[in-house]
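> What follows is query31.csv, CSV, C-alpha atoms.
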chain,number,residue,atom,x,y,z
O,1,MET,CA,1.6,1.9,15.0
O,2,PRO,CA,0.6,-0.1,18.1
O,3,GLU,CA,3.3,-1.9,20.0
O,4,THR,CA,4.3,-5.2,18.2
O,5,THR,CA,6.3,-8.2,19.1
O,6,ASN,CA,8.9,-9.8,16.9
O,7,THR,CA,6.4,-12.6,16.0
O,8,ASN,CA,3.6,-10.1,15.4
O,9,LEU,CA,5.7,-8.0,13.1
O,10,LEU,CA,7.0,-10.8,11.0
O,11,ALA,CA,3.5,-12.3,10.8
O,12,VAL,CA,2.1,-8.9,9.5
O,13,ILE,CA,4.9,-8.6,6.9
O,14,LYS,CA,4.5,-12.2,5.8
O,15,LYS,CA,0.9,-11.6,4.8
O,16,GLY,CA,2.3,-10.1,1.6
O,17,THR,CA,0.4,-8.9,-1.4
O,18,ASP,CA,-2.4,-11.4,-1.1
O,19,ASN,CA,-4.0,-9.5,1.8
O,20,ASN,CA,-7.7,-9.1,1.5
O,21,LYS,CA,-10.2,-7.7,3.9
O,22,LEU,CA,-13.9,-7.8,3.9
O,23,ILE,CA,-15.4,-4.3,4.4
O,24,LYS,CA,-18.8,-2.7,3.9
O,25,TRP,CA,-19.3,-0.1,1.2
O,26,PRO,CA,-19.6,3.2,3.0
O,27,GLY,CA,-23.1,3.9,4.3
O,28,THR,CA,-24.4,0.4,3.4
O,29,ASP,CA,-24.3,-3.2,4.5
O,30,THR,CA,-23.0,-4.3,1.1
O,31,PRO,CA,-19.8,-6.3,1.6
O,32,VAL,CA,-16.8,-5.8,-0.7
O,33,ILE,CA,-13.3,-7.0,-0.6
O,34,LEU,CA,-10.4,-4.6,-0.2
O,35,LYS,CA,-7.1,-6.0,-1.4
O,36,ILE,CA,-3.7,-4.6,-1.1
O,37,LEU,CA,-2.3,-3.5,-4.4
O,38,SER,CA,1.0,-4.7,-5.7
O,39,GLU,CA,3.6,-2.2,-6.9
O,40,GLN,CA,2.6,-3.1,-10.5
O,41,GLU,CA,-1.1,-2.3,-9.8
O,42,ARG,CA,-0.1,1.0,-8.2
O,43,LEU,CA,2.0,1.8,-11.3
O,44,ASP,CA,-1.0,0.8,-13.6
O,45,ALA,CA,-3.2,3.2,-11.6
O,46,SER,CA,-0.7,6.0,-12.1
O,47,LEU,CA,-0.3,5.3,-15.8
O,48,ALA,CA,-4.0,5.1,-16.4
O,49,THR,CA,-4.4,8.5,-14.7
O,50,GLU,CA,-1.7,9.9,-17.0
O,51,ARG,CA,-3.3,8.4,-20.1
O,52,LEU,CA,-6.7,9.8,-19.2
O,53,PHE,CA,-5.3,13.3,-18.7
O,54,LYS,CA,-3.5,13.1,-22.1
O,55,SER,CA,-6.5,11.7,-23.9
O,56,GLU,CA,-8.7,14.5,-22.6
O,57,LYS,CA,-5.9,17.0,-23.3
O,58,VAL,CA,-5.8,18.1,-19.7
O,59,GLU,CA,-2.5,19.4,-18.6
O,60,ALA,CA,-1.3,18.3,-15.2
O,61,ASN,CA,-0.4,21.5,-13.4
O,62,LEU,CA,-1.1,23.4,-10.2
O,63,MET,CA,-4.7,24.1,-11.3
O,64,THR,CA,-5.5,20.5,-12.0
O,65,ALA,CA,-3.5,18.8,-9.2
O,66,ASP,CA,-6.6,18.0,-7.1
O,67,GLN,CA,-8.3,16.4,-10.0
O,68,TYR,CA,-5.2,14.5,-10.9
O,69,GLU,CA,-4.8,13.1,-7.4
O,70,SER,CA,-8.5,12.3,-7.2
O,71,GLU,CA,-8.3,10.3,-10.4
O,72,LYS,CA,-5.3,8.5,-9.2
O,73,THR,CA,-7.2,7.6,-6.0
O,74,ILE,CA,-10.2,6.4,-8.1
O,75,GLN,CA,-7.9,4.3,-10.3
O,76,MET,CA,-6.3,2.7,-7.2
O,77,LEU,CA,-9.7,2.0,-5.5
O,78,TYR,CA,-11.0,0.5,-8.8
O,79,ARG,CA,-8.1,-2.0,-8.6
O,80,ALA,CA,-8.3,-2.6,-4.9
O,81,LEU,CA,-12.1,-3.2,-4.5
O,82,ARG,CA,-13.3,-6.6,-5.5
O,83,CYS,CA,-16.5,-8.7,-5.5
O,84,PRO,CA,-16.6,-10.8,-2.3
O,85,ASP,CA,-17.4,-14.0,-4.2
O,86,ASN,CA,-14.6,-13.6,-6.8
O,87,LEU,CA,-11.4,-11.8,-6.1
O,88,ASP,CA,-10.6,-11.6,-9.8
O,89,THR,CA,-13.8,-9.6,-10.5
O,90,PRO,CA,-13.8,-5.8,-10.0
O,91,LEU,CA,-16.9,-4.2,-8.5
O,92,CYS,CA,-17.7,-2.5,-11.8
O,93,PRO,CA,-17.0,-3.8,-15.4
O,94,ASN,CA,-15.0,-0.7,-16.2
O,95,ILE,CA,-13.4,2.4,-14.6
O,96,SER,CA,-16.1,4.7,-16.0
O,97,GLN,CA,-18.9,2.9,-14.3
O,98,PHE,CA,-16.9,2.7,-11.1
O,99,ARG,CA,-16.2,6.5,-11.2
O,100,LYS,CA,-19.9,7.2,-11.7
O,101,ALA,CA,-20.9,5.0,-8.7
O,102,LEU,CA,-18.3,6.6,-6.4
O,103,SER,CA,-19.2,9.8,-4.4
O,104,ARG,CA,-16.4,12.1,-3.1
O,105,GLU,CA,-17.3,11.1,0.4
O,106,ASP,CA,-17.2,7.3,-0.5
O,107,MET,CA,-13.8,7.9,-2.1
O,108,LYS,CA,-12.4,9.6,1.0
O,109,MET,CA,-13.7,6.9,3.3
O,110,LEU,CA,-12.5,4.0,1.1
O,111,ILE,CA,-9.0,5.4,0.5
O,112,THR,CA,-8.6,6.0,4.3
O,113,GLU,CA,-9.6,2.4,4.9
O,114,TYR,CA,-7.2,1.2,2.2
O,115,LEU,CA,-4.2,3.2,3.4
O,116,GLY,CA,-4.8,2.1,7.0
O,117,TYR,CA,-5.0,-1.5,6.0
O,118,GLU,CA,-2.0,-1.2,3.8
O,119,SER,CA,0.1,0.2,6.6
O,120,LEU,CA,-0.9,-2.8,8.8
O,121,CYS,CA,-0.1,-5.3,6.1
O,122,SER,CA,3.2,-3.8,5.0
O,123,PRO,CA,4.5,-1.3,7.6
O,124,SER,CA,6.8,1.4,6.3
O,125,PRO,CA,10.0,2.2,8.2
O,126,GLU,CA,8.5,5.6,9.2
O,127,ASN,CA,5.8,3.7,11.1
O,128,LEU,CA,8.1,1.2,12.8
O,129,SER,CA,10.0,1.9,16.0
O,130,SER,CA,13.7,1.4,15.9
O,131,GLU,CA,13.3,-1.8,18.0
O,132,ASP,CA,10.7,-3.2,15.6
O,133,PHE,CA,12.9,-2.4,12.6
O,134,ASP,CA,15.9,-4.0,14.2
O,135,ARG,CA,13.9,-7.2,14.9
O,136,LEU,CA,12.8,-7.2,11.3
O,137,LEU,CA,16.4,-6.9,10.2
O,138,GLN,CA,17.4,-9.8,12.4
O,139,ASP,CA,14.5,-11.9,11.1
O,140,LEU,CA,15.7,-11.1,7.6
O,141,LYS,CA,19.2,-12.3,8.4
O,142,LYS,CA,17.9,-15.5,9.9
O,143,ASN,CA,15.4,-16.4,7.1
O,144,ALA,CA,15.9,-14.1,4.1
O,145,THR,CA,13.8,-16.1,1.7
O,146,ALA,CA,10.7,-16.2,3.9
O,147,THR,CA,11.0,-12.5,4.9
O,148,THR,CA,12.0,-10.9,1.6
O,149,THR,CA,9.3,-12.5,-0.6
O,150,ASN,CA,6.6,-11.1,1.7
O,151,ILE,CA,7.7,-7.5,2.1
O,152,THR,CA,5.4,-5.3,0.0
O,153,SER,CA,6.6,-1.9,1.2
O,154,LEU,CA,9.2,-0.7,-1.3
O,155,CYS,CA,10.4,1.8,1.3
O,156,THR,CA,11.0,-0.9,3.9
O,157,ALA,CA,12.7,-3.2,1.3
O,158,ARG,CA,15.0,-0.3,0.2
O,159,LYS,CA,16.0,0.5,3.8
O,160,LEU,CA,16.7,-3.1,4.6
O,161,LEU,CA,18.8,-3.5,1.4
O,162,LEU,CA,20.8,-0.4,2.2
O,163,ILE,CA,21.6,-1.5,5.7
O,164,LEU,CA,22.5,-5.0,4.5
O,165,ALA,CA,24.7,-3.7,1.7
O,166,ALA,CA,26.5,-1.1,3.8
O,167,PRO,CA,25.9,-1.6,7.5
O,168,PRO,CA,26.2,1.5,9.6
O,169,GLN,CA,29.7,2.0,10.9
O,170,VAL,CA,30.2,2.1,14.7
O,171,LEU,CA,32.8,4.7,15.3
O,172,PRO,CA,35.3,4.2,18.2
O,173,PRO,CA,34.8,6.5,21.1
O,174,VAL,CA,36.8,9.7,21.1
O,175,ASN,CA,39.4,9.8,23.9
O,176,GLY,CA,40.1,13.2,25.0
Here is the file; what I need is its structure written in the form of structure tokens.

Amino acid sequence: MPETTNTNLLAVIKKGTDNNKLIKWPGTDTPVILKILSEQERLDASLATERLFKSEKVEANLMTADQYESEKTIQMLYRALRCPDNLDTPLCPNISQFRKALSREDMKMLITEYLGYESLCSPSPENLSSEDFDRLLQDLKKNATATTTNITSLCTARKLLLILAAPPQVLPPVNG
């Protein structure tokens, strides 16, 4: 992640789940909106994948793992890609039509775009330097309401909660 300042980091996190980005459909000049999914939407994508596999009587195992992950990616993209003139409208009326319109290469390019944008909007602790995370923690202590309502990374929220609930102990130096 590029070097960020305290103000930049908080501004990025404050964008929250309403983040939208205008992109072009791969290989075209057709604009589409890419929106960051909420945890509920991500769960819905996973559950839809599970339902599809059960309804088609396909067992999720080592042999079908690639198809399972591919379907989960398709489900996420279906929820994340929107019409530019109406954010409530998916690109296709249903998942089946979306799946038919999506090539494997399109899917790879779109999920890469999505994941890159998601990490900018809601950085995970793995992508933050120790200094950036410490600044985020200080901002949370100063203005908890503004900061917590806009953190969309469950991993970041969990790490912040753990540190606030049980701050790391500073051990006295050993004399000896």
> Work out how far CA of Gln75 in chain O is from CA of Lys54 in chain O, in Å to one decimal.
15.4 Å
> I'd like the contact shell of range 88-104 of chain O - 8 Å cut-off, all atoms listed in the file, skipping same-chain residues fewer than 5 positions apart - returned as a PyMOL selection string.
chain O and resi 32+74-75+78-79+81-83
> For the selection just defined, write its residues with C-alpha atoms to a file, as a PDB file, in the frame of the given file.

ATOM      1  CA  VAL O  32     -16.800  -5.800  -0.700  1.00  0.00           C
ATOM      2  CA  ILE O  74     -10.200   6.400  -8.100  1.00  0.00           C
ATOM      3  CA  GLN O  75      -7.900   4.300 -10.300  1.00  0.00           C
ATOM      4  CA  TYR O  78     -11.000   0.500  -8.800  1.00  0.00           C
ATOM      5  CA  ARG O  79      -8.100  -2.000  -8.600  1.00  0.00           C
ATOM      6  CA  LEU O  81     -12.100  -3.200  -4.500  1.00  0.00           C
ATOM      7  CA  ARG O  82     -13.300  -6.600  -5.500  1.00  0.00           C
ATOM      8  CA  CYS O  83     -16.500  -8.700  -5.500  1.00  0.00           C
TER       9      CYS O  83
END
> Could you work out how far CA of Met63 in chain O lies from CA of Glu118 in chain O, giving the answer in Å with one decimal?
29.6 Å
> CA of Leu43 in chain O and CA of Ile23 in chain O are how many Å apart?
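Between CA of Leu43 in chain O and CA of Ile23 in chain O the gap works out to 24.2 Å.
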> Which polymer residues have any atom within 9 Å of an atom of range 64-69 of chain O, counting all atoms listed in the file, with same-chain residues fewer than 5 positions away left out, as a list in words?
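Neighbouring residues, sequence-local ones excluded: Thr49, Glu50, Phe53, Val58, Glu59 and Ile74 of chain O.
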> When distances are computed from only C-alpha atoms, which of O:Ala165, O:Asn86, O:Met109, O:Ser46 shows the smallest separation from Ile33 in chain O?
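Of the candidates, the smallest distance to Ile33 in chain O is held by O:Asn86.
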> Under the rule that all atoms listed in the file are counted, which of O:Ser55, O:Asn143, O:Asn19, O:Ser70 is the nearest residue to Ser38 in chain O?
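Going through O:Ser55, O:Asn143, O:Asn19, O:Ser70 one by one, the smallest distance to Ser38 in chain O is for O:Asn19.
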> Which one of O:Glu39, O:Asp29, O:Glu105, O:Glu56 sits closest to Cys155 in chain O if you count only C-alpha atoms?
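Going through O:Glu39, O:Asp29, O:Glu105, O:Glu56 one by one, the smallest distance to Cys155 in chain O is for O:Glu39.
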> Go through O:Ala45, O:Asn61, O:Leu34, O:Ala144 and flag the residue nearest Leu115 in chain O, using all atoms listed in the file for the distances.
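Checking each candidate against Leu115 in chain O, we get O:Leu34 as the closest.
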> Please return range 41-66 of chain O, rebuilt to N, CA and C atoms, as a short mmCIF file (atom, residue, chain, number, x, y, z; two decimals), keeping the file's coordinate frame.

data_model
loop_
_atom_site.label_atom_id
_atom_site.label_comp_id
_atom_site.auth_asym_id
_atom_site.auth_seq_id
_atom_site.Cartn_x
_atom_site.Cartn_y
_atom_site.Cartn_z
N GLU O 41 0.30 -2.89 -9.74
CA GLU O 41 -1.10 -2.30 -9.80
C GLU O 41 -1.07 -0.85 -9.45
N ARG O 42 -0.22 -0.45 -8.56
CA ARG O 42 -0.10 1.00 -8.20
C ARG O 42 0.43 1.76 -9.43
N LEU O 43 1.41 1.18 -10.10
CA LEU O 43 2.00 1.80 -11.30
C LEU O 43 0.88 1.87 -12.39
N ASP O 44 0.13 0.80 -12.57
CA ASP O 44 -1.00 0.80 -13.60
C ASP O 44 -1.96 1.91 -13.28
N ALA O 45 -2.28 2.14 -12.02
CA ALA O 45 -3.20 3.20 -11.60
C ALA O 45 -2.64 4.57 -12.02
N SER O 46 -1.37 4.77 -11.75
CA SER O 46 -0.70 6.00 -12.10
C SER O 46 -0.69 6.25 -13.61
N LEU O 47 -0.33 5.20 -14.35
CA LEU O 47 -0.30 5.30 -15.80
C LEU O 47 -1.64 5.53 -16.42
N ALA O 48 -2.66 4.89 -15.87
CA ALA O 48 -4.00 5.10 -16.40
C ALA O 48 -4.47 6.54 -16.14
N THR O 49 -4.08 7.11 -15.01
CA THR O 49 -4.40 8.50 -14.70
C THR O 49 -3.71 9.41 -15.76
N GLU O 50 -2.46 9.15 -16.00
CA GLU O 50 -1.70 9.90 -17.00
C GLU O 50 -2.31 9.82 -18.37
N ARG O 51 -2.68 8.60 -18.76
CA ARG O 51 -3.30 8.40 -20.10
C ARG O 51 -4.63 9.16 -20.19
N LEU O 52 -5.44 9.13 -19.14
CA LEU O 52 -6.70 9.80 -19.20
C LEU O 52 -6.52 11.33 -19.34
N PHE O 53 -5.58 11.89 -18.59
CA PHE O 53 -5.30 13.30 -18.70
C PHE O 53 -4.83 13.67 -20.12
N LYS O 54 -3.97 12.83 -20.69
CA LYS O 54 -3.50 13.10 -22.10
C LYS O 54 -4.59 12.94 -23.08
N SER O 55 -5.41 11.91 -22.94
CA SER O 55 -6.50 11.70 -23.90
C SER O 55 -7.52 12.81 -23.88
N GLU O 56 -7.74 13.39 -22.72
CA GLU O 56 -8.70 14.50 -22.60
C GLU O 56 -8.02 15.85 -22.77
N LYS O 57 -6.72 15.80 -23.10
CA LYS O 57 -5.90 17.00 -23.30
C LYS O 57 -5.99 17.97 -22.11
N VAL O 58 -5.87 17.36 -20.93
CA VAL O 58 -5.80 18.10 -19.70
C VAL O 58 -4.39 18.13 -19.21
N GLU O 59 -3.86 19.31 -19.05
CA GLU O 59 -2.50 19.40 -18.60
C GLU O 59 -2.43 19.29 -17.08
N ALA O 60 -1.54 18.43 -16.63
CA ALA O 60 -1.30 18.30 -15.20
C ALA O 60 -0.50 19.45 -14.70
N ASN O 61 -1.13 20.31 -13.91
CA ASN O 61 -0.40 21.50 -13.40
C ASN O 61 -1.03 21.83 -12.03
N LEU O 62 -0.64 22.95 -11.50
CA LEU O 62 -1.10 23.40 -10.20
C LEU O 62 -2.64 23.50 -10.14
N MET O 63 -3.23 23.95 -11.23
CA MET O 63 -4.70 24.10 -11.30
C MET O 63 -5.44 22.81 -11.32
N THR O 64 -4.83 21.77 -11.85
CA THR O 64 -5.50 20.50 -12.00
C THR O 64 -4.97 19.41 -11.05
N ALA O 65 -4.13 19.81 -10.12
CA ALA O 65 -3.50 18.80 -9.20
C ALA O 65 -4.50 18.06 -8.39
N ASP O 66 -5.53 18.73 -7.89
CA ASP O 66 -6.60 18.00 -7.10
C ASP O 66 -7.29 16.99 -7.92
#
